[in-house]
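J.: Structure provided below as structure tokens; questions to follow.
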Amino acid sequence: MENLISLWQSTGIYNFTAGQAFMMLVGFLLLFLAIKKGFEPLLLLPIGFGAILSNIPVAGIAEEGGLLYYLYFGIKAGIFPLLIFMGVGAMTDFGPMLANPKTLLLGAAAQFGIFASLIGALALNVVPGLEFTLKDAAAIGIIGGADGPTAIYVASKLSPDLLGAIAVAAYSYMALVPLIQPPIMRALTTEDERKIEMQQLRVVGKTEKIVFPLMLLFLSILLLPSATPLIGMFALGNLMNACGVVERLSQTAQNELINIVTIFLGLSVGSKLSAHAFLQMETLGILALGAIAFAIGTAAGVIMAKIMNKFSDTPINPLIGAAGVSAVPMAARVANKLGLESNPHNFLLMHAMGPNVAGVIGSAVAAGVLLSLVK
Amino acid sequence: MENLISLWQSTGIYNFTAGQAFMMLVGFLLLFLAIKKGFEPLLLLPIGFGAILSNIPVAGIAEEGGLLYYLYFGIKAGIFPLLIFMGVGAMTDFGPMLANPKTLLLGAAAQFGIFASLIGALALNVVPGLEFTLKDAAAIGIIGGADGPTAIYVASKLSPDLLGAIAVAAYSYMALVPLIQPPIMRALTTEDERKIEMQQLRVVGKTEKIVFPLMLLFLSILLLPSATPLIGMFALGNLMNACGVVERLSQTAQNELINIVTIFLGLSVGSKLSAHAFLQMETLGILALGAIAFAIGTAAGVIMAKIMNKFSDTPINPLIGAAGVSAVPMAARVANKLGLESNPHNFLLMHAMGPNVAGVIGSAVAAGVLLSLVK
Amino acid sequence: MENLISLWQSTGIYNFTAGQAFMMLVGFLLLFLAIKKGFEPLLLLPIGFGAILSNIPVAGIAEEGGLLYYLYFGIKAGIFPLLIFMGVGAMTDFGPMLANPKTLLLGAAAQFGIFASLIGALALNVVPGLEFTLKDAAAIGIIGGADGPTAIYVASKLSPDLLGAIAVAAYSYMALVPLIQPPIMRALTTEDERKIEMQQLRVVGKTEKIVFPLMLLFLSILLLPSATPLIGMFALGNLMNACGVVERLSQTAQNELINIVTIFLGLSVGSKLSAHAFLQMETLGILALGAIAFAIGTAAGVIMAKIMNKFSDTPINPLIGAAGVSAVPMAARVANKLGLESNPHNFLLMHAMGPNVAGVIGSAVAAGVLLSLVK
Amino acid sequence: MFVGMGIVFLFLTMLVIVINMMSSLVQRFFPEVQANTVNVPAAAIGTDKQTIAAITAAVHQYRSKHK
Amino acid sequence: MFVGMGIVFLFLTMLVIVINMMSSLVQRFFPEVQANTVNVPAAAIGTDKQTIAAITAAVHQYRSKHK
Amino acid sequence: MFVGMGIVFLFLTMLVIVINMMSSLVQRFFPEVQANTVNVPAAAIGTDKQTIAAITAAVHQYRSKHK
Ligand code: NA
Ligand code: NA
Ligand code: NA
């Protein structure tokens with residue numbers, strides 16, 4: 001009998017707290033979004049599952065000695081996001097950007113969302129119950145970079161407690177790019193602007209593609225060493241792919257290695273979705289600021305493209321400015337879709353890939369700025 | 001001259017102990033069984049090799065600073081068996097079980113071997129020279145689960161000293177399923193029973209396959225949180241495969257990741273095959289109890305199937321009960337083979353896959369019970 | 001304003017030391033050699049990149065908490081070189097060597113370079129400014145083994161400070177084999193000797209290929225336990241491939257696993273290319289001794305082959321002796337090329353593969369001798 | 001220790017029940033145009049389509065490896 | 001915090017400048033016989049070559065898996 | 001340090017001896033119907049079989065990726 005009571009006391013039903021139950025619902029919601037809605041499933045499925053596992057009472061999967069506790073070390077040490085960034089680098093083709101380098105400025109403009117939401121987070125401190133330190137605000141701002149590994153890397157360094165909410169916001173909004181961006185893009189452009197066709201891009205040679213990642217790394221070493229872990233691993237992956245002499249390493253970096261690390265990273269991020277850290281007013285603030293950051297970044301990119309179109313000798317369709325937020329390749333596809341709507345012969349995809357990959361560099365640079373100024 | 005003496009004193013010949021030599025023979029025996037007899041070679045080859053490496057005098061490969069010492073951490077922390085379980089989950093198709101859910105009861109019955117051998121281990125304490133604690137007994141019992149990663153996970157938590165012997169027993173008997181099971185199955189069934197043809201299974205849809213792993217996890221959270229590390233990782237792998245939206249993660253989990261971890265796990269298990277831990281009376285007890293557990297599990301499965309056949313409105317061939325021990329897919333094939341012997345038109349394979357995968361769940365549940373009650 | 005000054009003080013330009021700048025140049029030089037000259041790109045590209053990353057001021061990528069700091073643990077613990085050795089073992093076909101076992105003696109002779117340069121390193125201590133301990137000398141000597149993972153393993157155990165220079169020297173000279181070896185081979189052989197055609201090799205059966213790695217390991221256990229970590233992992237990989245029953249493990253060991261570890265190993269080796277350790281007179285000594293070791297090893301192999309040709313009943317072309325330094329398969333190809341120059345019908349490739357793989361065993365044995373005598 | 005075996009049975013019996021509930025719910029509310037379409041073509045569709053699929057796959061793979 | 005945005009712009013503007021310099025240097029001193037040759041064959045070369053490539057790749061893979 | 005070189009030679013010489021013993025033992029007691037059968041078909045078997053193998057492999061792979 002005593003045995004049965006002790007058994008009953010070891011069940012999940014007996015030990016559940018309301019917070020854990022709620023966080024499991026959050027986990028199930030993420031799984032639903034990943035599987036049924038196709039929201040960034042590669043990340044949100046493991047994150048959602050990690051949220052469920054880490055909120056199981058008694059089991060202690062995210063506590064010392066549990067699997068997620070050990071996996072989380074890969075985030076705490078910055079290893080997982082950097083390895084993913086290496087793989088992303090290996091998958092990235094800088095050709096369209098090198099063919100039209102001024103699109104880099106669009107990738108810069110779109111980072112405006114990062115700094116706007118940073119200031120927004122600090123401003124939110126006037127709301128009672130919200131308390132963001134400068135570090136928190138910087139970590140929240142990086143959501144506007146629309147780049148998952150960068151957001152996780154920065155959050156793990158500056159504000160590990162908010163990591164779960166920040167990562168979820170970043171990936172969710174990346175998945176929502178096809179819903180968030182079009183209204184903003186339409187509001188800021190005229191039909192005539194959306195119809196603008198752009199000149200075909202020149203073919204970029206292999207040598208330029210090999211030199212570029214090294215040049216990018218070199219510039220970042222000179223000006224912004226705090227960005228070099230991110231930019232360095234990105235450049236390494238990109239160089240491995242571009243140079244053509246280490247094909248097997250490049251293939252492994254962009255397939256098996258990134259897959260393994262993605263599973264581990266997702267689960268560990270999910271393990272930060274604990275009731276104690278997530279069920280705070282702060283989380284609502286983060287979700288709101290993240291959406292604002294995306295919107296501002298999109299707007300800044302489009303406006304910058306309009307300005308550039310004024311002064312450029314070759315036409316620039318303002319729609320491609322929205323791709324500067326990164327969210328590769330979703331944002332570029334959105335730009336392409338809106339272009340086709342206004343002009344069925346207007347294929348903007350390759351033109352939008354320039355600002356799109358520039359946005360990845362832009363947010364890594366912004367991450368470096370934050371890591372260097374905020375500490 | 002002194003130099004030569006010191007050299008001679010550093011050779012293996014000079015430093016060999018009888019125990020090390022014997023354990024190397026055990027290692028060679030495992031290699032022989034793996035390579036020539038085809039006994040679970042994926043595990044027994046690395047285990048056998050690990051046994052040899054860890055018993056080399058002077059080299060200290062399994063001692064602090066040696067490779068196997070570091071790899072063993074993956075077992076001590078439970079990481080390796082859980083990752084393997086994730087991969088196994090990704091490889092498992094629950095279709096046949098979902099089409100005929102009552103076969104789950106066969107997977108439950110076959111776990112009887114676990115508890116029988118647990119009690120057997122405690123009873124063996126009357127034999128002088130044998131001394132099994134309750135933890136040891138539970139770890140030994142899990143051999144009857146016929147599931148490698150589960151056995152290793154439980155043994156690493158409850159009785160790390162016996163880990164080597166338990167893992168070897170578990171995998172060896174899994175390889176011996178085609179020898180151990182048929183006589184028991186024949187003894188407990190009549191020719192007519194073996195001839196029973198079963199109704200064709202309905203096709204199970206994708207939605208059910210997606211919902212099932214989540215439901216399984218949820219039930220285990222409510223009732224048996226101590227089983228959730230095992231069942232959770234299994235469900236994660238299964239969900240990744242079933243949902244279809246993270247195909248690249250699922251492929252990596254069931255190929256490269258599980259292969260890498262299998263090599264590491266095998267070597268580390270082998271490193272626990274030290275003379276000091278293995279050359280004990282206890283090991284003979286473990287081997288004997290393991291065989292008994294398999295036999296009892298098989299018998300319980302068959303008897304349960306006979307009972308169900310009595311009360312079921314659709315016919316159930318008692319042979320498929322034996323598949324409930326798990327040992328996927330070997331035990332299902334054995335059932336199929338015996339069915340064909342009695343009736344050349346009787347293809348039981350898919351029907352036996354139901355209890356077979358149910359047996360995996362059954363032993364994970366039993367593992368949770370043991371981890372929760374015995375501590 | 002103060003903000004701007006602090007920003008300026010956080011740039012790389014402000015913080016660069018001359019040493020760091022120079023080491024980055026070394027890193028770029030390695031990248032250039034890897035990409036443009038095709039010098040062992042799989043290793044030299046990550047090593048060169050690691051050198052750049054670890055010499056970035058402020059960023060601290062190779063200091064505590066940085067990525068390369070964590071990755072380096074895999075070298076310090078000996079894990080990475082041993083896993084690579086396992087993969088190399090899985091890729092190695094011992095058929096040609098087993099068909100003509102006396103070519104093993106060529107693999108032995110070529111290790112003469114190791115011991116010659118060890119003594120050379122000790123002799124160099126008379127030069128003011130150079131100070132090599134016995135451990136340093138042994139670690140330098142192993143460059144002559146022409147085997148990357150062996151050199152890294154030995155250097156990490158005996159002389160971690162020199163690891164960067166030793167690894168760079170080893171891989172560079174391996175890449176230079178087609179330049180270093182031919183003049184020595186021509187000088188030591190007559191035109192008639194180079195024309196010698198060798199008898200076709202018998203086909204070696206599967207059983208012999210399975211037994212061989214075990215026999216090799218066993219001999220090494222008996223005589224030289226200190227070599228068993230290297231030889232053991234090599235034998236494990238080779239056995240996995242030869243036995244044919246664990247194909248998926250073998251494939252993973254020689255593809256994804258070795259690729260992942262190669263990236264990590266290269267980066268971590270590069271992190272040892274710090275100004276403080278590399279910009280020493282010792283490095284020049286190491287580079288000089290490495291070249292000498294290769295030259296002496298080549299010469300010893302050729303001379304041994306000439307001697308054997310005298311006493312053998314079947315003809316032996318002295319050119320294949322040069323392949324005994326290992327540097328698989330480059331050295332064997334060089335022997336083949338020189339043979340074809342003198343006699344267009346003289347295909348030495350398979351004959352040279354015997355001493356070539358024997359050279360790998362030879363240097364692992366030599367490594368065991370060094371690790372056992374020097375401590 | 002029969003309590004242990006009891007829990008295993010209890011757990012799997014409950015699983016049987018919830019699976020049955022789940023399956024009937026899913027089949028009523030989310031019926032699928034079944035997996036047939038996925039499994040059949042192997043045998044049913046003519047060789048031409050298979051050959052094309054084969055060549056497509058092979059060409060695709062060939063390129064992705066040798067680009 | 002506008003200094004942050006300023007640095008991002010400064011950095012990427014400098015990157016534009018050095019890319020332009022780099023591209024013109026590379027195109028002048030290391031002109032390439034262009035990637036066309038790499039990208040075109042997919043569409044341009046006749047089916048026969050593709051089929052051969054497909055079969056070669058498939059045979060190769062088949063063997064490497066079933067040896 | 002000539003002792004080091006001595007050990008290397010000693011070790012590899014012993015290896016030569018045991019290999020020779022092993023090979024003759026294996027060839028006497030475990031003779032094999034040789035690897036020929038494994039290596040030849042590439043060249044010897046007609047194109048038809050190769051094509052079939054190719055298509056089988058490709059179809060198999062295509063399905064396993066697109067199921
Ligand atoms: Na961005
Ligand atoms: Na079982
Ligand atoms: Na060598």
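Letters A, B, ... mark the chains of the structure tokens in the order given; residue numbers begin at 1 per chain; ligand numbers begin at 1, in order shown.
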Chain A residues within 9 Å of chain D, counting only C-alpha atoms: which ones, as a compact mmCIF listing (two decimals) with N, CA, C and O atoms, in the first residue's frame?
T.:
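Written file, iface08.txt:
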```txt
# COMPACT_ATOMS: atom_id res chain seq x y z
N ASN A 3 3.79 1.27 -0.90
CA ASN A 3 4.42 1.18 -2.20
C ASN A 3 3.60 1.90 -3.27
O ASN A 3 4.12 2.66 -4.08
N LEU A 4 2.30 1.62 -3.24
CA LEU A 4 1.42 2.24 -4.24
C LEU A 4 1.38 3.75 -4.06
O LEU A 4 1.36 4.50 -5.04
N GLU A 247 36.01 19.59 -51.14
CA GLU A 247 34.61 19.28 -51.36
C GLU A 247 34.02 18.38 -50.27
O GLU A 247 32.89 18.59 -49.82
N GLN A 251 30.82 19.40 -48.04
CA GLN A 251 29.58 18.62 -48.04
C GLN A 251 29.18 18.19 -46.63
O GLN A 251 28.02 18.27 -46.25
```
J.: Hey, which residues come within 9 Å of ligand 1 if we count only C-alpha atoms and all ligand atoms? Could you give them as a PyMOL selection string?
T.: chain A and resi 107-108+110-111+114+142-147+150+297+323-328+356-364+366
J.: Please produce, as CSV, a per-residue contact table for chain C versus chain B (criterion: any atom at most 6 Å away, only C-alpha atoms considered), showing the nearest atom pair and its distance in Å to one decimal, sorted by chain then residue number.
T.:
```
residue,atom,partner,partner_atom,distance
C:Ile79,CA,B:Leu67,CA,6.0
C:Ile221,CA,B:Gly12,CA,5.5
C:Leu222,CA,B:Gly12,CA,4.3
C:Leu223,CA,B:Thr11,CA,4.8
C:Leu224,CA,B:Thr11,CA,5.4
C:Pro225,CA,B:Ala59,CA,5.4
C:Ser226,CA,B:Ala59,CA,5.4
C:Val246,CA,B:Leu42,CA,5.5
C:Leu249,CA,B:Asn259,CA,5.5
```
J.: Find the residue from B:Ala293, B:Leu33, B:Ala335, B:Ala123 that sits nearest to ligand 2; use only C-alpha atoms and all ligand atoms when measuring.
T.: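 Checking each candidate against ligand 2, we get B:Ala293 as the closest.
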J.: In Å, how far is it from atom CA of Gly120 of chain A to atom CA of Thr228 of chain A?
T.: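 Spanning atom CA of Gly120 of chain A to atom CA of Thr228 of chain A is a straight-line distance of 27.1 Å.
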